[in-house]
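See below for work-v9.txt, which holds compact mmCIF, C-alpha atoms.
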```
# COMPACT_ATOMS: atom_id res chain seq x y z
CA MET A 1 -10.23 -31.63 -22.82
CA ARG A 2 -12.12 -28.99 -20.84
CA THR A 3 -8.88 -27.82 -19.22
CA ASP A 4 -7.28 -27.33 -22.65
CA ARG A 5 -10.23 -25.19 -23.73
CA ILE A 6 -10.00 -23.06 -20.59
CA LEU A 7 -6.27 -22.51 -21.07
CA ALA A 8 -6.80 -21.69 -24.74
CA ARG A 9 -9.46 -19.18 -23.74
CA LEU A 10 -7.15 -17.54 -21.19
CA GLU A 11 -4.38 -17.19 -23.77
CA GLN A 12 -6.51 -15.13 -26.14
CA GLU A 13 -6.05 -11.43 -26.75
CA PRO A 14 -6.25 -9.12 -23.71
CA GLU A 15 -9.72 -8.00 -22.67
CA ARG A 16 -8.66 -4.37 -22.23
CA PRO A 17 -6.57 -2.85 -25.04
CA SER A 18 -3.49 -1.06 -23.84
CA ASN A 19 -4.52 2.14 -25.62
CA LEU A 20 -7.94 2.34 -23.92
CA ALA A 21 -8.44 5.78 -22.36
CA THR A 22 -8.15 5.89 -18.57
CA PRO A 23 -10.57 7.91 -16.39
CA ARG A 24 -9.90 11.63 -16.33
CA MET A 25 -10.89 14.48 -14.06
CA SER A 26 -14.06 15.59 -15.80
CA ARG A 27 -16.03 18.63 -14.68
CA THR A 28 -18.64 16.42 -13.01
CA ARG A 29 -15.98 14.54 -11.09
CA LYS A 30 -14.39 17.81 -9.94
CA VAL A 31 -17.77 19.10 -8.73
CA LEU A 32 -18.40 15.88 -6.81
CA LEU A 33 -14.91 16.06 -5.34
CA GLY A 34 -15.52 19.62 -4.16
CA CYS A 35 -18.87 18.69 -2.61
CA MET A 36 -17.32 15.74 -0.83
CA LEU A 37 -14.54 17.96 0.55
CA LEU A 38 -17.17 20.33 1.94
CA LEU A 39 -19.07 17.43 3.50
CA TYR A 40 -15.84 16.07 5.01
CA GLY A 41 -15.01 19.44 6.55
CA ALA A 42 -18.58 19.87 7.83
CA ILE A 43 -18.52 16.53 9.63
CA VAL A 44 -15.17 17.28 11.28
CA TYR A 45 -16.39 20.74 12.30
CA ALA A 46 -19.63 19.35 13.73
CA VAL A 47 -17.75 16.87 15.90
CA LEU A 48 -15.16 19.43 17.02
CA LYS A 49 -17.92 21.83 18.12
CA GLY A 50 -20.02 19.15 19.83
CA THR A 51 -23.14 19.85 17.79
CA ASP A 52 -26.29 17.77 17.40
CA LEU A 53 -24.26 15.19 15.48
CA VAL A 54 -22.35 14.34 18.68
CA ARG A 55 -25.63 14.09 20.62
CA LEU A 56 -26.92 11.71 17.93
CA ASP A 57 -23.75 9.66 18.35
CA TRP A 58 -24.53 9.22 22.05
CA GLN A 59 -28.18 8.41 21.48
CA VAL A 60 -27.31 5.60 19.06
CA MET A 61 -24.56 4.34 21.35
CA LEU A 62 -26.83 4.26 24.44
CA PHE A 63 -29.54 2.55 22.41
CA ARG A 64 -27.05 -0.35 22.01
CA PRO A 65 -28.32 -1.93 18.77
CA TYR A 66 -26.40 -5.17 19.43
CA ARG A 67 -28.63 -5.70 22.48
CA GLN A 68 -31.82 -4.81 20.63
CA TRP A 69 -31.24 -7.41 17.90
CA PRO A 70 -28.82 -9.98 19.36
CA GLU A 71 -29.74 -12.61 16.77
CA LEU A 72 -27.83 -10.60 14.13
CA HIS A 73 -24.62 -10.43 16.11
CA ALA A 74 -23.01 -13.66 14.87
CA LEU A 75 -23.80 -12.95 11.22
CA LEU A 76 -22.59 -9.36 11.31
CA ASP A 77 -19.36 -10.38 13.03
CA TYR A 78 -18.46 -12.18 9.79
CA PHE A 79 -19.92 -9.52 7.50
CA VAL A 80 -17.74 -6.77 8.96
CA VAL A 81 -14.67 -8.62 7.64
CA LEU A 82 -15.54 -7.11 4.25
CA GLY A 83 -14.15 -3.87 5.64
CA GLN A 84 -10.93 -5.20 7.17
CA ARG A 85 -7.89 -4.08 5.21
CA GLY A 86 -5.93 -7.35 5.23
CA PRO A 87 -8.53 -9.90 4.00
CA THR A 88 -10.13 -7.53 1.50
CA ALA A 89 -6.78 -6.39 0.08
CA VAL A 90 -5.65 -10.00 -0.45
CA LEU A 91 -8.94 -10.98 -2.09
CA VAL A 92 -9.12 -7.97 -4.41
CA MET A 93 -5.39 -8.19 -5.20
CA ALA A 94 -5.80 -11.81 -6.32
CA TRP A 95 -8.65 -10.82 -8.65
CA LEU A 96 -6.81 -7.80 -10.04
CA GLY A 97 -3.64 -9.87 -10.45
CA TRP A 98 -5.55 -12.22 -12.72
CA ARG A 99 -6.97 -9.26 -14.61
CA SER A 100 -3.47 -7.81 -15.01
CA TRP A 101 -2.28 -11.09 -16.52
CA ARG A 102 -5.28 -11.19 -18.87
CA GLN A 103 -4.88 -7.58 -19.95
CA ARG A 104 -1.05 -7.70 -20.15
CA THR A 105 -0.75 -4.60 -17.97
CA LEU A 106 0.21 -3.74 -14.38
CA ARG A 107 -2.28 -0.89 -14.15
CA PRO A 108 -4.98 -2.68 -12.04
CA LEU A 109 -2.47 -3.66 -9.36
CA LEU A 110 -0.83 -0.22 -9.40
CA VAL A 111 -4.21 1.51 -9.05
CA LEU A 112 -5.03 -0.68 -6.05
CA ALA A 113 -1.65 -0.02 -4.46
CA SER A 114 -1.97 3.74 -5.01
CA SER A 115 -5.46 3.89 -3.53
CA LEU A 116 -4.51 1.88 -0.45
CA LEU A 117 -1.44 4.07 0.07
CA LEU A 118 -3.57 7.22 -0.10
CA LEU A 119 -6.12 5.62 2.23
CA ASN A 120 -3.55 4.73 4.89
CA VAL A 121 -1.83 8.11 4.77
CA THR A 122 -4.91 10.35 4.80
CA VAL A 123 -7.17 8.38 7.14
CA GLY A 124 -4.30 7.43 9.44
CA ALA A 125 -3.15 11.04 9.78
CA VAL A 126 -6.65 12.25 10.73
CA LYS A 127 -7.12 9.34 13.16
CA ILE A 128 -3.91 10.14 15.01
CA GLY A 129 -4.40 13.90 14.86
CA LEU A 130 -7.92 13.90 16.35
CA GLY A 131 -7.35 10.98 18.73
CA ARG A 132 -11.01 10.15 19.36
CA LEU A 133 -12.00 7.31 21.65
CA GLY A 134 -14.53 4.70 20.55
CA PRO A 135 -17.94 4.09 22.16
CA HIS A 136 -16.67 1.21 24.30
CA TYR A 137 -13.93 3.43 25.78
CA ALA A 138 -15.92 6.65 26.19
CA THR A 139 -15.42 8.42 29.51
CA THR A 140 -17.98 11.26 29.72
CA VAL A 141 -21.54 11.12 28.40
CA GLY A 142 -22.15 13.81 25.78
CA SER A 143 -18.46 14.60 25.20
CA THR A 144 -16.75 14.47 21.82
CA GLU A 145 -14.00 12.15 23.19
CA LEU A 146 -11.46 13.93 20.97
CA PHE A 147 -7.71 14.30 21.64
CA ALA A 148 -7.82 11.44 24.13
CA GLY A 149 -5.33 9.10 22.49
CA GLY A 150 -7.83 7.11 20.43
CA ASP A 151 -7.77 6.26 16.73
CA ILE A 152 -11.41 5.79 15.80
CA PHE A 153 -12.36 8.89 13.77
CA PRO A 154 -12.88 8.39 10.81
CA SER A 155 -13.86 4.74 10.55
CA GLY A 156 -11.07 2.79 8.85
CA HIS A 157 -13.34 -0.19 8.18
CA THR A 158 -15.83 2.00 6.34
CA ALA A 159 -13.26 3.93 4.31
CA ASN A 160 -11.47 0.71 3.39
CA ALA A 161 -14.72 -0.89 2.21
CA VAL A 162 -15.47 2.13 0.01
CA VAL A 163 -12.01 2.17 -1.57
CA THR A 164 -11.31 -1.55 -1.91
CA TRP A 165 -14.62 -2.52 -3.46
CA GLY A 166 -14.97 0.76 -5.32
CA ILE A 167 -11.70 0.05 -7.16
CA LEU A 168 -13.43 -2.80 -8.98
CA ALA A 169 -16.01 -0.39 -10.37
CA TYR A 170 -13.32 2.18 -11.19
CA LEU A 171 -11.41 -0.41 -13.25
CA ALA A 172 -14.47 -1.86 -15.00
CA THR A 173 -14.13 -1.97 -18.78
CA THR A 174 -17.81 -1.81 -19.79
CA PRO A 175 -20.65 0.48 -18.65
CA ARG A 176 -22.78 -2.48 -17.57
CA ALA A 177 -20.00 -3.96 -15.44
CA ARG A 178 -19.34 -0.53 -13.93
CA ARG A 179 -22.98 -0.15 -12.90
CA VAL A 180 -23.17 -3.61 -11.36
CA LEU A 181 -19.89 -3.22 -9.49
CA SER A 182 -20.81 0.27 -8.30
CA VAL A 183 -24.02 -1.06 -6.74
CA THR A 184 -22.10 -3.97 -5.19
CA ALA A 185 -19.46 -1.64 -3.74
CA ALA A 186 -22.13 0.70 -2.36
CA VAL A 187 -23.97 -2.15 -0.64
CA ALA A 188 -20.72 -3.46 0.87
CA ALA A 189 -19.59 -0.01 2.09
CA LEU A 190 -22.99 0.95 3.53
CA GLY A 191 -23.36 -2.46 5.16
CA VAL A 192 -19.90 -2.41 6.75
CA GLY A 193 -20.43 1.09 8.12
CA ALA A 194 -23.83 0.25 9.59
CA THR A 195 -22.44 -2.97 11.06
CA THR A 196 -19.70 -1.11 12.98
CA VAL A 197 -22.39 1.12 14.50
CA TYR A 198 -24.47 -1.95 15.40
CA LEU A 199 -21.50 -3.63 17.08
CA GLY A 200 -20.67 -0.45 19.00
CA THR A 201 -17.12 -0.18 17.67
CA HIS A 202 -17.72 3.22 15.98
CA TRP A 203 -19.76 6.34 16.46
CA LEU A 204 -22.22 7.23 13.73
CA SER A 205 -20.11 10.28 12.82
CA ASP A 206 -17.07 8.00 12.44
CA VAL A 207 -18.91 6.08 9.75
CA LEU A 208 -20.11 9.23 7.97
CA LEU A 209 -16.55 10.55 7.81
CA GLY A 210 -15.27 7.15 6.67
CA TRP A 211 -17.69 7.15 3.73
CA ALA A 212 -16.58 10.66 2.78
CA ALA A 213 -12.88 9.78 3.10
CA GLY A 214 -13.20 6.73 0.86
CA LEU A 215 -15.17 8.60 -1.81
CA LEU A 216 -12.59 11.39 -1.84
CA ILE A 217 -9.87 8.89 -2.72
CA LEU A 218 -11.92 7.27 -5.49
CA LEU A 219 -12.83 10.66 -6.98
CA ALA A 220 -9.20 11.86 -6.91
CA LEU A 221 -7.70 8.72 -8.48
CA PRO A 222 -7.60 10.11 -12.07
CA TRP A 223 -5.03 12.64 -10.87
CA CYS A 224 -2.79 9.68 -10.03
CA GLU A 225 -3.07 8.07 -13.47
CA PRO A 226 0.02 9.80 -15.03
CA ALA A 227 2.19 8.67 -12.11
CA ILE A 228 0.72 5.15 -12.39
CA ALA A 229 1.54 5.05 -16.12
CA ARG A 230 5.14 6.13 -15.46
CA ALA A 231 5.50 3.54 -12.72
CA GLU A 232 4.22 0.82 -15.07
CA VAL A 233 6.71 1.77 -17.78
CA PHE A 234 9.54 1.77 -15.24
CA LEU A 235 8.62 -1.64 -13.80
CA LEU A 236 8.24 -3.23 -17.23
CA SER A 237 11.61 -1.88 -18.38
CA LEU A 238 13.18 -3.11 -15.15
CA ARG A 239 11.74 -6.58 -15.70
CA ALA A 240 13.04 -6.62 -19.28
CA ARG A 241 16.48 -5.57 -18.04
CA PHE A 242 16.58 -8.39 -15.49
CA ARG A 243 15.49 -10.91 -18.10
CA THR A 244 18.22 -9.73 -20.45
CA ALA A 245 20.83 -9.96 -17.70
CA GLY A 246 19.65 -13.45 -16.70
CA SER A 247 19.81 -14.77 -20.26
CA GLY A 248 23.35 -13.42 -20.81
CA LEU A 249 22.31 -11.38 -23.86
CA ALA A 250 23.43 -7.85 -24.53
CA PRO A 251 20.69 -5.23 -24.65
CA THR A 252 19.12 -4.97 -28.07
CA PRO A 253 20.08 -1.71 -29.84
CA ALA A 254 17.28 0.57 -30.92
CA GLY A 255 15.90 -0.25 -34.37
CA THR A 256 17.08 -3.89 -34.35
CA ARG A 257 15.24 -7.10 -33.65
CA ARG A 258 16.25 -10.34 -32.05
CA PRO A 259 15.37 -13.73 -33.55
CA LEU A 260 12.00 -15.15 -32.53
CA GLY A 261 13.71 -17.96 -30.67
CA GLY A 262 14.59 -15.68 -27.77
CA GLY A 263 17.73 -14.12 -29.24
CA VAL A 264 19.81 -17.34 -29.46
CA PRO A 265 21.06 -18.16 -32.99
CA THR A 266 20.18 -21.56 -34.41
CA GLN A 267 22.80 -24.26 -35.09
CA ASP A 268 22.80 -23.64 -38.87
CA ALA A 269 23.23 -19.89 -38.47
CA ALA A 270 26.07 -20.39 -35.99
CA GLY A 271 27.83 -22.84 -38.33
CA ALA A 272 27.53 -20.48 -41.28
CA LEU A 273 28.94 -17.66 -39.18
CA ALA A 274 31.93 -19.78 -38.12
CA GLN A 275 32.63 -20.84 -41.71
CA ARG A 276 32.54 -17.25 -42.87
CA LYS A 277 35.01 -16.22 -40.18
CA GLU A 278 37.39 -19.09 -41.09
CA ALA A 279 37.27 -18.11 -44.77
CA GLU A 280 38.12 -14.51 -43.93
CA ALA A 281 41.06 -15.63 -41.76
CA GLU A 282 42.76 -17.81 -44.47
CA PRO A 283 46.04 -16.36 -46.05
CA GLU A 284 45.72 -15.27 -49.62
CA GLY A 285 48.91 -17.15 -50.74
CA GLU A 286 47.43 -20.56 -50.08
CA THR A 287 44.85 -20.18 -52.80
CA VAL A 288 45.83 -22.37 -55.80
CA PRO A 289 44.94 -20.73 -59.13
CA ALA A 290 43.27 -22.82 -61.79
CA ALA A 291 45.53 -24.17 -64.61
CA PRO A 292 45.15 -22.43 -67.97
CA PRO A 293 43.34 -24.45 -70.67
CA HIS A 294 46.47 -24.84 -72.90
CA ARG A 295 48.60 -26.39 -70.15
CA GLN A 296 48.74 -30.10 -69.50
CA GLY A 297 47.07 -31.74 -66.58
CA PRO A 298 49.02 -32.92 -63.56
CA HIS A 299 48.89 -36.63 -64.54
CA GLN A 300 50.33 -36.05 -68.04
CA GLY A 301 53.26 -33.96 -66.70
CA HIS A 302 54.14 -36.67 -64.22
CA GLN A 303 54.27 -39.32 -66.94
CA GLU A 304 56.55 -37.18 -69.16
CA ARG A 305 58.99 -36.56 -66.30
CA ALA A 306 59.15 -40.30 -65.62
CA LEU A 307 59.92 -41.12 -69.32
CA ARG A 308 62.62 -38.44 -69.49
CA ALA A 309 64.33 -39.86 -66.39
CA ALA A 310 64.25 -43.36 -67.86
CA ARG A 311 65.92 -42.20 -71.13
CA LEU A 312 68.64 -40.40 -69.23
CA ASP A 313 69.37 -43.54 -67.24
CA ALA A 314 69.51 -45.65 -70.41
CA GLY A 315 71.80 -43.22 -72.23
CA GLY A 316 74.17 -42.68 -69.35
CA GLY A 317 74.22 -46.19 -68.11
```

Let me see the structure of the file written as structure tokens.
Amino acid sequence: MRTDRILARLEQEPERPSNLATPRMSRTRKVLLGCMLLLYGAIVYAVLKGTDLVRLDWQVMLFRPYRQWPELHALLDYFVVLGQRGPTAVLVMAWLGWRSWRQRTLRPLLVLASSLLLLNVTVGAVKIGLGRLGPHYATTVGSTELFAGGDIFPSGHTANAVVTWGILAYLATTPRARRVLSVTAAVAALGVGATTVYLGTHWLSDVLLGWAAGLLILLALPWCEPAIARAEVFLLSLRARFRTAGSGLAPTPAGTRRPLGGGVPTQDAAGALAQRKEAEAEPEGETVPAAPPHRQGPHQGHQERALRAARLDAGGG
């Protein structure tokens, strides 16, 4: 009985109406995006020039936090998984897939796919271009370790945590849910970044640039909304086309409707259609006109012909 109630609840109207306005590039968002771009450029410049930020990187690395608090190592080894692209993408995709089914729209999944694509392209390009080595592979104390064939700057774990968990807040449908999910995403992103520094897998500047990279993608997502809407329309029309081809039905012309039973006529309608076609195909000469009222019926004419034949036989015989 409880299962029936749950299924009935899930089959109710979508939680998010299809005509609900999507986030747009407001003036505040544009200002934040510009500030984040400046911060991103400042961090890259500071590392390239070997400023105090690089010296702070070495101080934290030589402090070796994982040796100062070894009791946290086992716990944080599991916590850092919240920033790994594979597990987090699968978990968030499952949740957003359910939301897409509830809301009868592909937008949540398309927003996630777009953000992850932007994340991989932008962060991956900077990683390969700068080629920084991580703390465990550093060669010279005090050096920037840039252009050495590494792929550590910015932190992919940190940027992925910002984007993946931030998407949930971006797609929230109520202000209260948006606030709660924003705090949750911030805690996850800050925790993952700090954990990578504790474990010694990233420099502090790697984490700072990872936070900035992830926030840039979240702030720029409204610019992707028109392309996401067009992609959703295309995918839905493609699915409808495949369904039509699989059912053997011709595409429905504009302005017409198919029967509610999936476009297949019922047995009565098919029989009526066949009878109408047979009636139209009959020759006109086979139609027998009705006898006028003053003429005799067929039985009376037959009896008169029989009596006349009998008289002729009697007279000629």

**Prompt:** What is the distance between atom CA of A:Arg64 and atom CA of A:Val141, in Å to one decimal?
**Reply:**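 Separation between atom CA of A:Arg64 and atom CA of A:Val141: 14.2 Å.
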
**Complete:** Separating atom CA of A:Ala138 from atom CA of A:Leu56, to the nearest tenth of an Å, is a gap of 14.7 Å

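The closest residue to A:Arg230, picked from A:Leu218, A:Ala177, A:Val187, A:Leu110 and counting only C-alpha atoms, is A:Leu110.
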
**Prompt:** At what distance in Å, to one decimal, does atom CA of A:Thr158 lie from atom CA of A:Arg132?
**Reply:**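 The value is 16.1 Å.
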
**Asked** If we count all atoms listed in the file, what is near A:Leu37 at a cut-off of 12 Å, once residues fewer than 2 positions away on the same chain are taken out, given as a list in words?
**Response**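 These residues fall inside the cut-off: Lys30, Val31, Leu32, Leu33, Gly34, Cys35, Leu39, Tyr40, Gly41, Ala42, Ile43, Val44, Leu209, Trp211, Ala212, Ala213, Gly214, Leu215, Leu216, Ile217, Leu219 and Ala220 of chain A.
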
Give me a file of those residues, with C-alpha atoms, as a PDB file, keeping the file's coordinate frame.
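That gives us result.pdb:
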```pdb
ATOM      1  CA  LYS A  30     -14.390  17.810  -9.940  1.00  0.00           C
ATOM      2  CA  VAL A  31     -17.770  19.100  -8.730  1.00  0.00           C
ATOM      3  CA  LEU A  32     -18.400  15.880  -6.810  1.00  0.00           C
ATOM      4  CA  LEU A  33     -14.910  16.060  -5.340  1.00  0.00           C
ATOM      5  CA  GLY A  34     -15.520  19.620  -4.160  1.00  0.00           C
ATOM      6  CA  CYS A  35     -18.870  18.690  -2.610  1.00  0.00           C
ATOM      7  CA  LEU A  39     -19.070  17.430   3.500  1.00  0.00           C
ATOM      8  CA  TYR A  40     -15.840  16.070   5.010  1.00  0.00           C
ATOM      9  CA  GLY A  41     -15.010  19.440   6.550  1.00  0.00           C
ATOM     10  CA  ALA A  42     -18.580  19.870   7.830  1.00  0.00           C
ATOM     11  CA  ILE A  43     -18.520  16.530   9.630  1.00  0.00           C
ATOM     12  CA  VAL A  44     -15.170  17.280  11.280  1.00  0.00           C
ATOM     13  CA  LEU A 209     -16.550  10.550   7.810  1.00  0.00           C
ATOM     14  CA  TRP A 211     -17.690   7.150   3.730  1.00  0.00           C
ATOM     15  CA  ALA A 212     -16.580  10.660   2.780  1.00  0.00           C
ATOM     16  CA  ALA A 213     -12.880   9.780   3.100  1.00  0.00           C
ATOM     17  CA  GLY A 214     -13.200   6.730   0.860  1.00  0.00           C
ATOM     18  CA  LEU A 215     -15.170   8.600  -1.810  1.00  0.00           C
ATOM     19  CA  LEU A 216     -12.590  11.390  -1.840  1.00  0.00           C
ATOM     20  CA  ILE A 217      -9.870   8.890  -2.720  1.00  0.00           C
ATOM     21  CA  LEU A 219     -12.830  10.660  -6.980  1.00  0.00           C
ATOM     22  CA  ALA A 220      -9.200  11.860  -6.910  1.00  0.00           C
TER      23      ALA A 220
END
```

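Residues in contact with A:Pro222 at 10 Å, where all atoms listed in the file are counted and same-chain residues fewer than 2 positions away are skipped, are listed as A:Thr22, A:Pro23, A:Arg24, A:Met25, A:Ser26, A:Arg29, A:Val111, A:Tyr170, A:Ile217, A:Leu218, A:Leu219, A:Ala220, A:Cys224, A:Glu225, A:Pro226, A:Ala227, A:Ile228.
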
**Asked** Using all atoms listed in the file, which residues sit within 7 Å of A:Trp203 once same-chain residues fewer than 6 positions away are excluded, as number ranges by chain?
**Response** A: 57, 134-135, 197

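Taking only C-alpha atoms into account, A:Leu119 lies nearest to A:Ala161 out of the set A:Leu235, A:Val192, A:Ala161, A:Leu208.
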
**Asked** Residues around (-13.0, 15.4, 21.9), cut-off 12 Å, counting all atoms listed in the file - what are they as a PyMOL selection string?
**Response** chain A and resi 44-51+54+129-134+138-153

Go ahead and save the picked residues with C-alpha atoms, as a compact mmCIF listing (two decimals), keeping the file's coordinate frame.
```txt
# COMPACT_ATOMS: atom_id res chain seq x y z
CA VAL A 44 -15.17 17.28 11.28
CA TYR A 45 -16.39 20.74 12.30
CA ALA A 46 -19.63 19.35 13.73
CA VAL A 47 -17.75 16.87 15.90
CA LEU A 48 -15.16 19.43 17.02
CA LYS A 49 -17.92 21.83 18.12
CA GLY A 50 -20.02 19.15 19.83
CA THR A 51 -23.14 19.85 17.79
CA VAL A 54 -22.35 14.34 18.68
CA GLY A 129 -4.40 13.90 14.86
CA LEU A 130 -7.92 13.90 16.35
CA GLY A 131 -7.35 10.98 18.73
CA ARG A 132 -11.01 10.15 19.36
CA LEU A 133 -12.00 7.31 21.65
CA GLY A 134 -14.53 4.70 20.55
CA ALA A 138 -15.92 6.65 26.19
CA THR A 139 -15.42 8.42 29.51
CA THR A 140 -17.98 11.26 29.72
CA VAL A 141 -21.54 11.12 28.40
CA GLY A 142 -22.15 13.81 25.78
CA SER A 143 -18.46 14.60 25.20
CA THR A 144 -16.75 14.47 21.82
CA GLU A 145 -14.00 12.15 23.19
CA LEU A 146 -11.46 13.93 20.97
CA PHE A 147 -7.71 14.30 21.64
CA ALA A 148 -7.82 11.44 24.13
CA GLY A 149 -5.33 9.10 22.49
CA GLY A 150 -7.83 7.11 20.43
CA ASP A 151 -7.77 6.26 16.73
CA ILE A 152 -11.41 5.79 15.80
CA PHE A 153 -12.36 8.89 13.77
```

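Distances to A:Met93 were evaluated for A:Tyr137, A:Tyr66, A:Trp58, A:Trp165 using only C-alpha atoms, and the minimum falls at A:Trp165.
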